[in-house]
Structure formats: C-alpha cells, structure tokens
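This is query-v7.txt (compact mmCIF, C-alpha atoms).
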# COMPACT_ATOMS: atom_id res chain seq x y z
CA MET A 1 -26.68 -16.72 -18.00
CA ALA A 2 -27.57 -14.22 -15.29
CA ASP A 3 -24.69 -12.96 -13.17
CA GLU A 4 -24.50 -14.40 -9.69
CA VAL A 5 -23.03 -11.88 -7.29
CA VAL A 6 -22.46 -12.51 -3.59
CA LEU A 7 -20.82 -10.12 -1.13
CA LEU A 8 -19.26 -11.39 2.09
CA ASP A 9 -19.13 -8.36 4.35
CA PHE A 10 -19.58 -6.95 7.85
CA TRP A 11 -21.95 -4.02 8.29
CA PRO A 12 -19.61 -1.47 10.02
CA SER A 13 -16.66 -2.18 7.73
CA MET A 14 -15.60 0.90 5.73
CA PHE A 15 -13.98 -1.47 3.25
CA GLY A 16 -17.22 -3.36 2.76
CA MET A 17 -19.12 -0.08 2.37
CA ARG A 18 -16.91 0.85 -0.58
CA VAL A 19 -18.02 -2.27 -2.40
CA ARG A 20 -21.69 -1.81 -1.46
CA ILE A 21 -21.64 1.74 -2.82
CA ALA A 22 -19.97 0.58 -6.06
CA LEU A 23 -22.57 -2.18 -6.53
CA ALA A 24 -25.38 0.30 -5.85
CA GLU A 25 -23.93 2.86 -8.26
CA LYS A 26 -23.90 0.22 -10.99
CA GLY A 27 -27.36 -1.07 -10.05
CA ILE A 28 -26.08 -4.63 -9.59
CA LYS A 29 -28.28 -7.13 -7.79
CA TYR A 30 -26.39 -9.20 -5.25
CA GLU A 31 -26.75 -11.39 -2.22
CA TYR A 32 -25.38 -9.78 0.93
CA LYS A 33 -23.95 -12.06 3.62
CA ASP A 34 -23.00 -10.49 6.94
CA GLU A 35 -20.09 -12.34 8.54
CA ASP A 36 -19.53 -12.95 12.23
CA LEU A 37 -15.84 -12.06 12.34
CA ARG A 38 -15.31 -14.00 15.57
CA ASN A 39 -16.67 -17.06 13.85
CA LYS A 40 -15.79 -16.82 10.16
CA SER A 41 -17.85 -18.88 7.77
CA PRO A 42 -16.31 -21.78 5.82
CA LEU A 43 -17.25 -19.86 2.68
CA LEU A 44 -15.15 -16.84 3.72
CA LEU A 45 -12.19 -19.04 4.64
CA GLU A 46 -12.47 -20.81 1.30
CA MET A 47 -12.85 -17.64 -0.75
CA ASN A 48 -10.14 -15.61 1.01
CA PRO A 49 -7.73 -18.19 2.44
CA ILE A 50 -4.77 -15.82 2.51
CA HIS A 51 -6.19 -12.87 4.44
CA LYS A 52 -9.44 -14.43 5.76
CA LYS A 53 -10.99 -10.95 5.62
CA ILE A 54 -14.06 -9.22 4.29
CA PRO A 55 -15.11 -7.85 1.89
CA VAL A 56 -15.04 -10.64 -0.66
CA LEU A 57 -17.02 -10.36 -3.87
CA ILE A 58 -17.95 -13.70 -5.36
CA HIS A 59 -18.85 -13.30 -9.03
CA ASN A 60 -20.21 -16.46 -10.64
CA GLY A 61 -18.37 -18.51 -8.03
CA LYS A 62 -15.01 -16.71 -8.38
CA PRO A 63 -13.72 -14.63 -5.45
CA VAL A 64 -12.27 -11.13 -5.69
CA CYS A 65 -10.61 -9.74 -2.54
CA GLU A 66 -9.36 -6.36 -1.27
CA SER A 67 -11.90 -3.53 -1.42
CA LEU A 68 -10.22 -1.20 -3.95
CA ILE A 69 -9.38 -4.16 -6.18
CA ILE A 70 -13.02 -5.27 -5.99
CA VAL A 71 -14.24 -1.76 -6.88
CA GLN A 72 -11.95 -1.61 -9.93
CA TYR A 73 -13.14 -5.06 -10.95
CA ILE A 74 -16.79 -3.97 -10.67
CA ASP A 75 -16.00 -0.82 -12.68
CA GLU A 76 -14.31 -2.85 -15.44
CA VAL A 77 -16.86 -5.66 -15.70
CA TRP A 78 -19.93 -3.41 -15.60
CA LYS A 79 -18.36 -0.73 -17.73
CA ASP A 80 -21.52 0.13 -19.63
CA ARG A 81 -22.85 2.37 -16.87
CA CYS A 82 -21.81 4.89 -14.24
CA PRO A 83 -17.99 4.89 -14.54
CA LEU A 84 -16.24 5.05 -11.18
CA LEU A 85 -12.74 5.68 -12.51
CA PRO A 86 -11.90 8.31 -15.14
CA ILE A 87 -11.21 7.22 -18.71
CA ASP A 88 -8.09 9.33 -19.17
CA PRO A 89 -4.98 7.35 -18.01
CA TYR A 90 -3.47 10.30 -16.15
CA GLN A 91 -6.72 11.02 -14.30
CA ARG A 92 -7.00 7.31 -13.50
CA ALA A 93 -3.47 7.30 -12.09
CA HIS A 94 -4.35 10.40 -10.07
CA SER A 95 -7.47 8.67 -8.65
CA ARG A 96 -5.54 5.50 -7.84
CA PHE A 97 -2.85 7.55 -6.09
CA TRP A 98 -5.36 9.28 -3.82
CA ALA A 99 -7.34 6.13 -3.05
CA ASP A 100 -4.01 4.52 -2.15
CA PHE A 101 -3.23 7.52 0.10
CA VAL A 102 -6.54 7.02 1.92
CA ASP A 103 -5.73 3.32 2.34
CA LYS A 104 -2.18 3.89 3.55
CA LYS A 105 -2.93 6.67 6.01
CA VAL A 106 -6.43 6.79 7.43
CA ILE A 107 -6.99 3.39 9.07
CA GLU A 108 -3.54 3.45 10.69
CA VAL A 109 -4.14 6.81 12.35
CA LEU A 110 -7.61 5.73 13.48
CA MET A 111 -6.08 2.70 15.16
CA LYS A 112 -3.54 4.94 16.86
CA ILE A 113 -6.20 7.32 18.22
CA SER A 114 -8.46 4.57 19.48
CA THR A 115 -5.87 2.28 21.04
CA THR A 116 -3.36 4.64 22.67
CA LYS A 117 -3.36 7.11 25.54
CA GLY A 118 -1.62 10.28 26.59
CA GLU A 119 1.16 11.65 24.40
CA GLU A 120 0.84 8.95 21.78
CA LYS A 121 -2.87 9.64 21.42
CA GLU A 122 -2.25 13.40 21.09
CA ALA A 123 0.31 12.69 18.38
CA GLY A 124 -2.28 10.49 16.67
CA LYS A 125 -4.84 13.29 16.76
CA MET A 126 -2.39 15.73 15.17
CA GLU A 127 -1.57 13.20 12.49
CA PHE A 128 -5.29 12.68 11.83
CA PHE A 129 -5.79 16.37 11.14
CA GLU A 130 -2.63 16.55 9.03
CA ILE A 131 -3.93 13.73 6.83
CA PHE A 132 -7.38 15.24 6.47
CA LYS A 133 -5.98 18.68 5.72
CA ILE A 134 -3.94 17.12 2.90
CA LEU A 135 -7.18 15.59 1.63
CA GLU A 136 -8.92 18.96 1.89
CA GLY A 137 -6.09 20.42 -0.19
CA GLU A 138 -6.65 17.80 -2.86
CA LEU A 139 -10.43 18.36 -2.81
CA GLY A 140 -9.94 22.11 -3.25
CA ASP A 141 -13.06 23.81 -4.58
CA LYS A 142 -14.31 20.77 -6.44
CA PRO A 143 -17.68 19.33 -5.39
CA TYR A 144 -16.13 15.85 -5.33
CA PHE A 145 -12.61 14.45 -5.41
CA GLY A 146 -13.61 13.10 -8.80
CA GLY A 147 -14.43 16.64 -10.00
CA GLY A 148 -18.03 17.17 -11.03
CA THR A 149 -19.09 13.62 -10.27
CA PHE A 150 -18.71 11.16 -7.41
CA GLY A 151 -15.83 8.80 -8.21
CA PHE A 152 -13.21 6.35 -7.01
CA VAL A 153 -11.54 8.59 -4.44
CA ASP A 154 -14.86 9.80 -3.01
CA LEU A 155 -15.98 6.20 -2.72
CA SER A 156 -12.76 5.14 -0.99
CA LEU A 157 -13.06 7.86 1.65
CA ILE A 158 -16.79 8.43 2.32
CA PRO A 159 -17.31 5.25 4.41
CA TYR A 160 -15.06 6.75 7.10
CA TYR A 161 -17.71 9.43 7.60
CA SER A 162 -19.93 6.85 9.27
CA TRP A 163 -17.14 6.45 11.84
CA PHE A 164 -16.75 10.18 12.56
CA TYR A 165 -18.98 10.26 15.64
CA ALA A 166 -17.07 7.29 17.11
CA ILE A 167 -13.70 8.91 16.27
CA GLU A 168 -14.73 12.28 17.72
CA THR A 169 -16.08 10.76 20.93
CA ILE A 170 -13.23 8.31 21.56
CA GLY A 171 -10.54 10.58 20.19
CA GLU A 172 -11.95 13.73 21.82
CA LEU A 173 -11.72 15.77 18.68
CA ASN A 174 -13.94 18.00 16.60
CA ILE A 175 -13.54 17.12 12.95
CA GLU A 176 -15.92 19.76 11.57
CA ALA A 177 -14.07 22.54 13.38
CA GLU A 178 -10.67 21.54 11.95
CA CYS A 179 -11.75 20.16 8.57
CA PRO A 180 -15.02 21.88 7.58
CA LYS A 181 -14.49 21.19 3.86
CA ILE A 182 -14.29 17.44 4.43
CA VAL A 183 -17.49 17.42 6.46
CA ALA A 184 -19.25 19.56 3.83
CA TRP A 185 -18.05 17.17 1.11
CA ALA A 186 -19.27 14.18 3.13
CA LYS A 187 -22.73 15.71 3.59
CA LYS A 188 -22.88 16.35 -0.15
CA CYS A 189 -22.02 12.68 -0.81
CA LEU A 190 -24.78 11.66 1.58
CA GLN A 191 -27.28 13.40 -0.68
CA LYS A 192 -26.66 10.55 -3.10
CA GLU A 193 -29.10 7.72 -2.51
CA THR A 194 -26.44 5.04 -3.01
CA VAL A 195 -24.29 6.52 -0.25
CA ALA A 196 -27.15 7.37 2.12
CA LYS A 197 -28.54 3.85 1.87
CA THR A 198 -25.15 2.23 2.40
CA LEU A 199 -23.60 4.15 5.27
CA PRO A 200 -24.81 2.96 8.67
CA ASP A 201 -25.93 5.41 11.31
CA GLN A 202 -22.96 7.04 13.09
CA LYS A 203 -24.35 6.30 16.55
CA LYS A 204 -24.81 2.64 15.67
CA VAL A 205 -21.17 2.46 14.60
CA TYR A 206 -20.13 4.15 17.86
CA GLU A 207 -22.05 1.58 19.90
CA TYR A 208 -20.35 -1.22 18.01
CA VAL A 209 -16.90 0.33 18.51
CA GLU A 210 -17.51 0.82 22.24
CA GLN A 211 -18.57 -2.81 22.53
CA MET A 212 -15.33 -3.91 20.87
CA ARG A 213 -13.20 -1.58 23.01
CA LYS A 214 -14.74 -2.91 26.21
CA LYS A 215 -14.13 -6.44 25.04
CA PHE A 216 -10.51 -5.83 24.19
CA GLY A 217 -9.90 -3.54 27.15
CA ASN A 218 -9.07 -0.34 25.31
CA ASP A 219 -11.13 2.06 27.38
CA MET B 1 2.28 16.24 -26.08
CA ALA B 2 5.29 14.24 -27.22
CA LYS B 3 5.10 10.71 -25.94
CA ASN B 4 8.85 10.54 -25.68
CA ASP B 5 9.07 13.34 -23.13
CA VAL B 6 9.47 10.95 -20.24
CA LYS B 7 11.54 11.35 -17.09
CA LEU B 8 11.88 9.03 -14.13
CA LEU B 9 13.09 10.22 -10.74
CA GLY B 10 14.67 7.36 -8.85
CA VAL B 11 17.59 5.74 -7.09
CA TRP B 12 19.47 2.70 -8.42
CA ALA B 13 18.89 0.60 -5.29
CA SER B 14 15.12 1.01 -5.03
CA PRO B 15 12.99 -1.99 -6.00
CA PHE B 16 10.03 0.34 -6.52
CA VAL B 17 11.98 2.44 -9.01
CA MET B 18 13.01 -0.78 -10.75
CA ARG B 19 9.35 -1.61 -11.36
CA ALA B 20 8.92 1.59 -13.34
CA ARG B 21 12.14 1.01 -15.30
CA ILE B 22 11.24 -2.57 -16.21
CA SER B 23 7.81 -1.41 -17.39
CA LEU B 24 9.28 1.36 -19.54
CA ASN B 25 11.75 -1.15 -21.00
CA ILE B 26 8.96 -3.61 -21.83
CA LYS B 27 7.22 -0.87 -23.77
CA SER B 28 10.50 0.30 -25.37
CA VAL B 29 9.96 3.83 -24.08
CA ASN B 30 12.94 6.17 -24.13
CA TYR B 31 13.23 8.05 -20.89
CA GLU B 32 15.63 10.18 -18.95
CA PHE B 33 16.63 8.66 -15.61
CA LEU B 34 17.22 11.36 -13.01
CA GLU B 35 19.09 9.81 -10.13
CA GLU B 36 18.36 11.31 -6.72
CA THR B 37 21.22 11.62 -4.24
CA VAL B 38 20.68 9.27 -1.32
CA GLY B 39 20.07 11.29 1.82
CA SER B 40 18.77 14.42 0.09
CA LYS B 41 15.71 15.23 -1.99
CA SER B 42 15.84 17.41 -5.09
CA GLU B 43 13.53 20.37 -5.66
CA LEU B 44 12.01 18.50 -8.58
CA LEU B 45 11.18 15.51 -6.35
CA LEU B 46 9.64 17.68 -3.65
CA GLN B 47 7.58 19.52 -6.26
CA SER B 48 6.46 16.39 -8.11
CA ASN B 49 5.63 14.29 -5.06
CA PRO B 50 4.82 16.75 -2.27
CA VAL B 51 2.62 14.22 -0.48
CA HIS B 52 5.11 11.37 0.03
CA LYS B 53 8.38 12.99 -1.14
CA LYS B 54 9.53 9.58 -2.42
CA VAL B 55 10.82 7.93 -5.56
CA PRO B 56 9.84 6.67 -8.06
CA VAL B 57 8.11 9.57 -9.78
CA LEU B 58 7.34 9.30 -13.48
CA ILE B 59 7.08 12.67 -15.19
CA HIS B 60 5.27 12.40 -18.51
CA GLY B 61 5.31 15.75 -20.27
CA ASP B 62 4.85 17.88 -17.20
CA LYS B 63 2.56 15.50 -15.31
CA PRO B 64 3.92 13.57 -12.33
CA ILE B 65 2.70 10.08 -11.49
CA CYS B 66 3.65 8.58 -8.12
CA GLU B 67 3.52 5.17 -6.37
CA SER B 68 5.21 2.32 -8.21
CA LEU B 69 2.17 0.14 -8.93
CA VAL B 70 0.16 3.19 -10.05
CA ILE B 71 3.06 4.09 -12.37
CA VAL B 72 3.24 0.56 -13.82
CA GLN B 73 -0.49 0.58 -14.59
CA TYR B 74 -0.21 4.06 -16.11
CA ILE B 75 2.63 2.92 -18.38
CA ASP B 76 0.57 -0.10 -19.41
CA GLU B 77 -2.46 2.05 -20.25
CA VAL B 78 -0.62 4.78 -22.16
CA TRP B 79 1.81 2.76 -24.27
CA THR B 80 -0.64 0.30 -25.75
CA SER B 81 1.47 -0.68 -28.78
CA GLY B 82 3.94 -2.59 -26.59
CA PRO B 83 3.24 -5.98 -24.91
CA SER B 84 0.57 -5.86 -22.17
CA ILE B 85 1.73 -5.87 -18.58
CA LEU B 86 -1.68 -6.52 -17.03
CA SER B 87 -4.03 -9.12 -18.42
CA THR B 88 -6.90 -8.03 -20.64
CA ASP B 89 -9.19 -10.37 -18.67
CA HIS B 90 -10.91 -8.50 -15.80
CA TYR B 91 -10.73 -11.37 -13.34
CA ASP B 92 -7.05 -12.06 -14.06
CA ARG B 93 -6.31 -8.35 -13.55
CA ALA B 94 -7.97 -8.49 -10.13
CA ILE B 95 -5.81 -11.51 -9.25
CA GLN B 96 -2.67 -9.73 -10.45
CA ARG B 97 -3.51 -6.64 -8.39
CA PHE B 98 -4.25 -8.87 -5.39
CA TRP B 99 -0.79 -10.46 -5.45
CA ALA B 100 0.99 -7.13 -5.97
CA ALA B 101 -0.88 -5.74 -2.95
CA TYR B 102 0.00 -8.86 -0.92
CA LEU B 103 3.68 -8.39 -1.73
CA ASP B 104 3.65 -4.71 -0.82
CA ASP B 105 1.36 -4.85 2.23
CA LYS B 106 2.48 -8.11 3.84
CA TRP B 107 5.41 -9.97 2.36
CA PHE B 108 8.01 -7.26 1.72
CA PRO B 109 7.43 -5.39 5.02
CA ALA B 110 7.98 -8.68 6.91
CA MET B 111 11.13 -9.44 4.93
CA ARG B 112 12.59 -5.99 5.50
CA ARG B 113 12.24 -6.38 9.24
CA ILE B 114 14.16 -9.66 9.47
CA ARG B 115 17.62 -8.11 9.70
CA GLY B 116 16.75 -5.74 12.51
CA ALA B 117 14.85 -8.35 14.52
CA GLN B 118 16.02 -10.87 17.09
CA GLY B 119 14.95 -14.06 18.80
CA GLU B 120 11.29 -15.04 18.61
CA GLU B 121 10.26 -12.00 16.60
CA ARG B 122 12.90 -12.78 13.98
CA GLN B 123 11.81 -16.40 13.71
CA GLU B 124 8.18 -15.33 13.29
CA LEU B 125 9.14 -12.96 10.48
CA VAL B 126 11.23 -15.63 8.75
CA ASP B 127 8.31 -18.08 9.04
CA GLN B 128 5.94 -15.49 7.58
CA VAL B 129 8.24 -14.83 4.63
CA VAL B 130 8.81 -18.53 3.94
CA GLU B 131 5.06 -19.20 4.18
CA GLY B 132 4.50 -16.35 1.73
CA LEU B 133 6.97 -17.89 -0.69
CA ALA B 134 5.07 -21.17 -0.52
CA LEU B 135 1.87 -19.29 -1.43
CA LEU B 136 3.68 -17.56 -4.28
CA GLU B 137 5.04 -20.90 -5.51
CA GLU B 138 1.48 -22.20 -5.66
CA ALA B 139 0.32 -19.07 -7.46
CA PHE B 140 3.20 -19.38 -9.90
CA GLY B 141 2.25 -22.95 -10.72
CA LYS B 142 -1.34 -21.89 -11.33
CA TYR B 143 -0.80 -18.73 -13.38
CA SER B 144 2.32 -19.54 -15.39
CA LYS B 145 0.68 -22.68 -16.83
CA GLY B 146 4.10 -24.20 -17.38
CA LYS B 147 5.59 -21.08 -18.95
CA ALA B 148 8.52 -19.05 -17.62
CA PHE B 149 6.64 -16.20 -15.92
CA PHE B 150 3.54 -15.47 -13.82
CA GLY B 151 2.46 -13.57 -16.93
CA GLY B 152 3.03 -16.64 -19.14
CA ASP B 153 5.50 -16.24 -22.00
CA GLN B 154 6.20 -12.65 -21.07
CA ILE B 155 6.81 -10.71 -17.90
CA GLY B 156 3.59 -9.40 -16.40
CA PHE B 157 2.36 -7.41 -13.41
CA ILE B 158 3.08 -10.01 -10.72
CA ASP B 159 6.53 -10.74 -12.19
CA ILE B 160 7.39 -7.04 -11.99
CA ALA B 161 5.97 -6.55 -8.49
CA PHE B 162 7.75 -9.63 -7.11
CA GLY B 163 10.90 -9.74 -9.24
CA SER B 164 11.87 -6.20 -8.27
CA LEU B 165 12.15 -7.43 -4.66
CA LEU B 166 14.63 -10.22 -5.47
CA GLY B 167 17.73 -8.07 -4.96
CA TRP B 168 16.74 -7.20 -1.39
CA LEU B 169 15.67 -10.80 -0.76
CA ARG B 170 19.22 -11.87 -1.57
CA VAL B 171 20.68 -9.15 0.66
CA THR B 172 18.52 -10.38 3.54
CA GLU B 173 19.64 -13.96 2.94
CA LYS B 174 23.32 -13.02 2.83
CA LEU B 175 23.49 -10.49 5.65
CA GLY B 176 20.76 -12.10 7.72
CA GLU B 177 22.35 -15.54 7.26
CA VAL B 178 19.03 -17.13 6.50
CA LYS B 179 17.77 -19.18 3.57
CA LEU B 180 14.46 -17.86 2.29
CA LEU B 181 14.15 -18.86 -1.37
CA ASP B 182 14.88 -22.59 -1.17
CA GLU B 183 15.15 -24.80 -4.27
CA ALA B 184 13.91 -27.76 -2.25
CA LYS B 185 10.72 -25.95 -1.15
CA THR B 186 10.02 -23.59 -4.03
CA PRO B 187 11.72 -24.95 -7.15
CA GLY B 188 9.34 -23.11 -9.48
CA LEU B 189 10.21 -19.74 -7.96
CA VAL B 190 13.95 -20.43 -8.06
CA LYS B 191 13.75 -21.12 -11.78
CA TRP B 192 11.43 -18.17 -12.29
CA ALA B 193 13.90 -15.86 -10.51
CA GLU B 194 16.65 -16.89 -12.94
CA SER B 195 14.40 -16.28 -15.95
CA PHE B 196 13.28 -12.95 -14.57
CA CYS B 197 16.78 -11.64 -13.91
CA ALA B 198 17.94 -12.77 -17.36
CA ASP B 199 15.12 -11.00 -19.18
CA THR B 200 16.20 -8.11 -21.42
CA ALA B 201 13.80 -5.68 -19.78
CA VAL B 202 15.26 -6.50 -16.35
CA LYS B 203 18.98 -7.23 -16.81
CA SER B 204 20.15 -3.66 -17.23
CA VAL B 205 18.24 -2.34 -14.22
CA MET B 206 18.68 -5.14 -11.68
CA PRO B 207 21.40 -4.00 -9.26
CA GLU B 208 24.20 -6.43 -8.42
CA THR B 209 23.67 -8.13 -5.07
CA GLU B 210 27.20 -7.20 -3.91
CA LYS B 211 26.51 -3.51 -4.53
CA LEU B 212 23.20 -3.75 -2.68
CA ILE B 213 24.94 -5.46 0.23
CA GLU B 214 27.47 -2.61 0.48
CA PHE B 215 24.65 -0.09 0.24
CA SER B 216 22.65 -1.90 2.91
CA LYS B 217 25.62 -1.95 5.28
CA LEU B 218 26.08 1.79 4.77
CA LEU B 219 22.41 2.41 5.51
CA MET B 220 22.42 0.27 8.65
CA ALA B 221 25.54 2.03 9.89
CA LYS B 222 24.02 5.44 9.21
CA MET B 223 20.90 4.45 11.09
CA LYS B 224 22.92 3.27 14.07
CA GLY B 225 24.99 6.47 13.97
CA ALA B 226 28.27 4.59 13.55
CA PRO B 227 30.88 5.48 10.90
CA PRO B 228 30.40 3.39 7.73
CA PRO B 229 32.42 0.15 7.45
CA LYS B 230 35.77 0.51 5.70
CA ASN B 231 35.71 -2.67 3.58
Kindly return the structure encoded in the file as structure tokens.
Amino acid sequence: MADEVVLLDFWPSMFGMRVRIALAEKGIKYEYKDEDLRNKSPLLLEMNPIHKKIPVLIHNGKPVCESLIIVQYIDEVWKDRCPLLPIDPYQRAHSRFWADFVDKKVIEVLMKISTTKGEEKEAGKMEFFEIFKILEGELGDKPYFGGGTFGFVDLSLIPYYSWFYAIETIGELNIEAECPKIVAWAKKCLQKETVAKTLPDQKKVYEYVEQMRKKFGND
Amino acid sequence: MAKNDVKLLGVWASPFVMRARISLNIKSVNYEFLEETVGSKSELLLQSNPVHKKVPVLIHGDKPICESLVIVQYIDEVWTSGPSILSTDHYDRAIQRFWAAYLDDKWFPAMRRIRGAQGEERQELVDQVVEGLALLEEAFGKYSKGKAFFGGDQIGFIDIAFGSLLGWLRVTEKLGEVKLLDEAKTPGLVKWAESFCADTAVKSVMPETEKLIEFSKLLMAKMKGAPPPKN
C-alpha cells in the first residue's frame, strides 16, 4: 500500500518549514494543505484537537503534531535514506538539546521584539543577540550544526532565516553585523535545494508580518 | 568507556531530576547522585551545563547530557538490555513525545502558577489544569488498554514525564487549597498515581509530600524576602 502523507501547514510558519524540509530531504511525496488560521479547517481541528495548531502531519490517516516530534517521526519511519539525526546516542542527545534550545528561546524573544516598545524592546534585542551568539558558539567552525552534513539542529533553526528581514526591519537591528557566522551558515544552508525551495522570500514574510501587526495594532 | 561510570547532578525536590533517576532505576544502572546545594551552583554544574546552568545533568563517562526528556531518551537508547521506556513503534513514540511536551509546555507551567495567582487569573489556571487532567484521563484510558500504566504493564515515557510532577501537584492542592486530581472526575488517573508511586523504580526517589510542602514554603518565603517560617 502506498503511503498517504498530508501536511496541514501555513506558508510563513517556521515550524511548518521544518517539516517541509524534512519531507524534501527524504524525497517523500505529500499533499500540502495551507490553512487559514483565522478560519481553521474541520480537518485541522479533528487532527490536532488539543493545540489546534499547524503543522500536522497525517500519515495514512494518523496525525502527528509538534514540528520537532514530526521531524523525528519522519526520520524514524523513512530511515533508509538521508538521516536527519545522528546514529550515536550521545550525538543524538546533543542534537535534541540544541533543537530544544532553539524552541525554548528563539520564538519567545522574537515575540518580545515585535510586540514591545522602548526599554522592553531594547532588552529583547539584547537577548536576541545573546541567544544567537550562544548558537554561534555551538556552531564553531563546523559547516553545519550537524558537523559535515545538514541535520536536525540546522533544520530546526534555518526557517527563522526567512524571518530575518522582518525581524531586522521591525526590531531595528542588523543581524549580519552582530552574528556574521549565523548569516554565513544560513546562506550555506540555502545552497541546498531542499532548503532553497522551502523557505519563502524574506520580503514576502515581512509583508505578511506587517499585515498582522497592523491588524493587531502592534505598530 | 565503562558503562557504569554514571553521575547525576540533581536536587531531591526536582521533578525533572526524578525523571532521570526513575529511568536509571528502570534500567538498573548504578550511578552516583551528586546533590546540588539549593541556592548555589557547583563548578561541575556550571561546566557541564553552561547554557542553562540547571539540573538534572547526566554525566556518562565525561560527557554531559542535559534537559530531562533528552536524558530519559538517552538512557533508553544506551541501556538497551533493560525494559524499554519509549515504544518501539514509531507512531506510539510520537504520541509519547507529544504528551511529554504537552505536560512540560502547557500543563505544568499552568499548575506552577496557581499558588501565586489570585482571582480570575487563578480560576483560569485551575480550569486549565483540570481540563488537562481530563485530557490525560482520556489518554490514559486509550494507551494503558486496561493495564496499570500509560506504558501498559510497565512504566513508560508518559508515566515518567507525568508521574514526576505528582509531588508538586499534591503541594499545590494542599497549599493552594484546591482539588485538582479528583477521583470523581479522573478515577483512572487516581489509580494510576497510586500504582506509579508504589513502583520500585519510583518509590525510593519520590519525595514525601510533607517535605516538599516545607521546601515550597521556604522557597516562597525566600522569594518574598521574608524570614522562613518557624514551624
């Protein structure tokens, strides 16, 4: 029986992008469904009743939720090609730790920068650079966080690159000036077809973010 | 590298540390427990977890592993001769990870905030926590298939993630004067909690509620800047 794979997603979502990259890396054919988050489909509400969020991977009718959980699921099911996590348990733990760090820290600080003003916003900007400098430290001189090859941690972080123009414009910061290694790493990732085809254009993301900010009165 | 060169940095009251201890017990791994002093961080902790500076940290040989759920999965993957903590089925593993993430990202943070909250905010938090327990009761019914644990006959990933939080749940109920785990609403979970706490891998590392209550009072007092209570 052929695998039936459906992805419920929303095009600017960094979490959705992680799953799209993973599916592309593994060469898995799937049906992509873009959700209107202001008007969530009955399918989304049925498949993710607890969080009601995208992305949701539906594999042969069964839903898997939470982007990093979905990526690990994809890696384990389609294990015959292109491993995303290392085989060695310590290296796997190391990858999970850093993907978890990205999850715990990055989105929160982005929210802070884009929804606050004045002193709070300045504090958010400092925090942003602190977090990315820690990530630069972890990257070191390696081409990828995964070492010689693109892996789990790279995949968990690279989608944020499509939001950099929006962050820099709204946050009034220059990421390349403060974190040149991260930007260089991101450009290297973009040389991969799977990443280049998945990440939306930075200006398009900025337009979307501005639309949302106007709607919710953040500007 | 000797497999029995295992150290765990932790504190007795931490539910996250308990997860690591339960997992090591399930696998019958001998380890040295290095208790951190509350209020100060040892050199070893700062060296082994420079990013978060938190317990638990598992040190296997000379390699540190941090973050409780990462540690539990590591233990499961390294000590393969003991019983499995995560399912061997890929889909079931995804479900187990989902519930552990739900507990850590949503349920426990809401529960922790109950004691410090008041009025409407407090009621909202209590409602969230009770709603979460109803979801967990449903999940328990589905995954236990009539057996004692979420993992079936034996303690598994969800049992460890959730069971480790029971001590602090009881503290919140006692000091917050609120009933959260209700036999009338979630009978399955009440029974499960008894089985979990009685399990040999858990018994020796589950702190007594009274001790946690004292500890919690001390912490709250410290946070408010008042001298600790004398009782």
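Of the residues listed (A:Tyr144, A:Trp185, A:Tyr206, A:Trp78), A:Tyr206 shows the shortest atom-to-atom separation from A:Thr169; distances use all atoms listed in the file.
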Expected answer as number ranges by chain: chain B residues within 12 Å of chain A, only C-alpha atoms = B: 49-52, 57-80, 88-102, 104-107, 128, 131-132, 134-136, 139
inquiry  = Residues proximal to (16.4, -14.9, 0.3) were defined as those with any atom within 9 Å of that point in the file's coordinates, counting only C-alpha atoms. Which are they, as a ChimeraX atom specification?
reply    = /B:111,166-174,178-182
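You will find atom CA of A:Val183 at 10.3 Å from atom CA of A:Phe132.
For stretch 19-27 of chain A, the residues within 9 Å (counting all atoms listed in the file, excluding itself and residues fewer than 5 positions away along the chain) are Leu7, Pro55, Leu57, Ser67, Leu68, Ile70, Val71, Ile74, Asp75, Trp78, Lys79, Asp80, Arg81, Cys82, Pro83, Leu84, Phe152, Leu155, Glu193, Thr194, Val195, Lys197, Thr198 and Leu199 of chain A.
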request  = Would you mind listing what lies within 10 Å of stretch 197-203 of chain B as a list in words, with all atoms listed in the file counted and same-chain residues fewer than 5 positions away left out?
outcome  = Met18, Arg19, Arg21, Ile22, Ser23, Leu24, Asn25, Ile26, Lys27, Ser28, Gln154, Ile155, Ile160, Gly163, Ser164, Leu166, Gly167, Trp192 and Glu208 of chain B
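Between atom CA of B:Val17 and atom CA of B:Val55 lies a distance of 6.6 Å.
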Could stretch 1-5 of chain A be completed with all heavy atoms and written as a PDB file, in the frame of the given file, please?
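Final output, part.pdb:
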ATOM      1  N   MET A   1     -26.671 -16.309 -19.404  1.00  0.00           N
ATOM      2  CA  MET A   1     -26.680 -16.720 -18.000  1.00  0.00           C
ATOM      3  C   MET A   1     -26.649 -15.465 -17.123  1.00  0.00           C
ATOM      4  O   MET A   1     -25.840 -14.576 -17.360  1.00  0.00           O
ATOM      5  CB  MET A   1     -25.425 -17.583 -17.726  1.00  0.00           C
ATOM      6  CG  MET A   1     -25.380 -18.150 -16.328  1.00  0.00           C
ATOM      7  SD  MET A   1     -23.790 -18.932 -15.954  1.00  0.00           S
ATOM      8  CE  MET A   1     -22.726 -17.541 -15.654  1.00  0.00           C
ATOM      9  N   ALA A   2     -27.545 -15.403 -16.154  1.00  0.00           N
ATOM     10  CA  ALA A   2     -27.570 -14.220 -15.290  1.00  0.00           C
ATOM     11  C   ALA A   2     -26.350 -14.243 -14.382  1.00  0.00           C
ATOM     12  O   ALA A   2     -25.901 -15.299 -13.945  1.00  0.00           O
ATOM     13  CB  ALA A   2     -28.840 -14.229 -14.462  1.00  0.00           C
ATOM     14  N   ASP A   3     -25.823 -13.062 -14.069  1.00  0.00           N
ATOM     15  CA  ASP A   3     -24.690 -12.960 -13.170  1.00  0.00           C
ATOM     16  C   ASP A   3     -25.098 -13.310 -11.749  1.00  0.00           C
ATOM     17  O   ASP A   3     -26.134 -12.869 -11.269  1.00  0.00           O
ATOM     18  CB  ASP A   3     -24.184 -11.504 -13.147  1.00  0.00           C
ATOM     19  CG  ASP A   3     -23.238 -11.231 -14.290  1.00  0.00           C
ATOM     20  OD1 ASP A   3     -22.359 -12.066 -14.526  1.00  0.00           O
ATOM     21  OD2 ASP A   3     -23.399 -10.187 -14.938  1.00  0.00           O
ATOM     22  N   GLU A   4     -24.246 -14.104 -11.100  1.00  0.00           N
ATOM     23  CA  GLU A   4     -24.500 -14.400  -9.690  1.00  0.00           C
ATOM     24  C   GLU A   4     -23.474 -13.641  -8.880  1.00  0.00           C
ATOM     25  O   GLU A   4     -22.263 -13.888  -9.007  1.00  0.00           O
ATOM     26  CB  GLU A   4     -24.349 -15.901  -9.477  1.00  0.00           C
ATOM     27  CG  GLU A   4     -25.125 -16.407  -8.268  1.00  0.00           C
ATOM     28  CD  GLU A   4     -24.732 -17.839  -7.938  1.00  0.00           C
ATOM     29  OE1 GLU A   4     -25.316 -18.738  -8.565  1.00  0.00           O
ATOM     30  OE2 GLU A   4     -23.810 -18.034  -7.109  1.00  0.00           O
ATOM     31  N   VAL A   5     -23.948 -12.715  -8.060  1.00  0.00           N
ATOM     32  CA  VAL A   5     -23.030 -11.880  -7.290  1.00  0.00           C
ATOM     33  C   VAL A   5     -23.342 -12.003  -5.802  1.00  0.00           C
ATOM     34  O   VAL A   5     -24.479 -11.787  -5.383  1.00  0.00           O
ATOM     35  CB  VAL A   5     -23.131 -10.394  -7.719  1.00  0.00           C
ATOM     36  CG1 VAL A   5     -22.125  -9.540  -6.947  1.00  0.00           C
ATOM     37  CG2 VAL A   5     -22.912 -10.242  -9.210  1.00  0.00           C
TER      38      VAL A   5
END
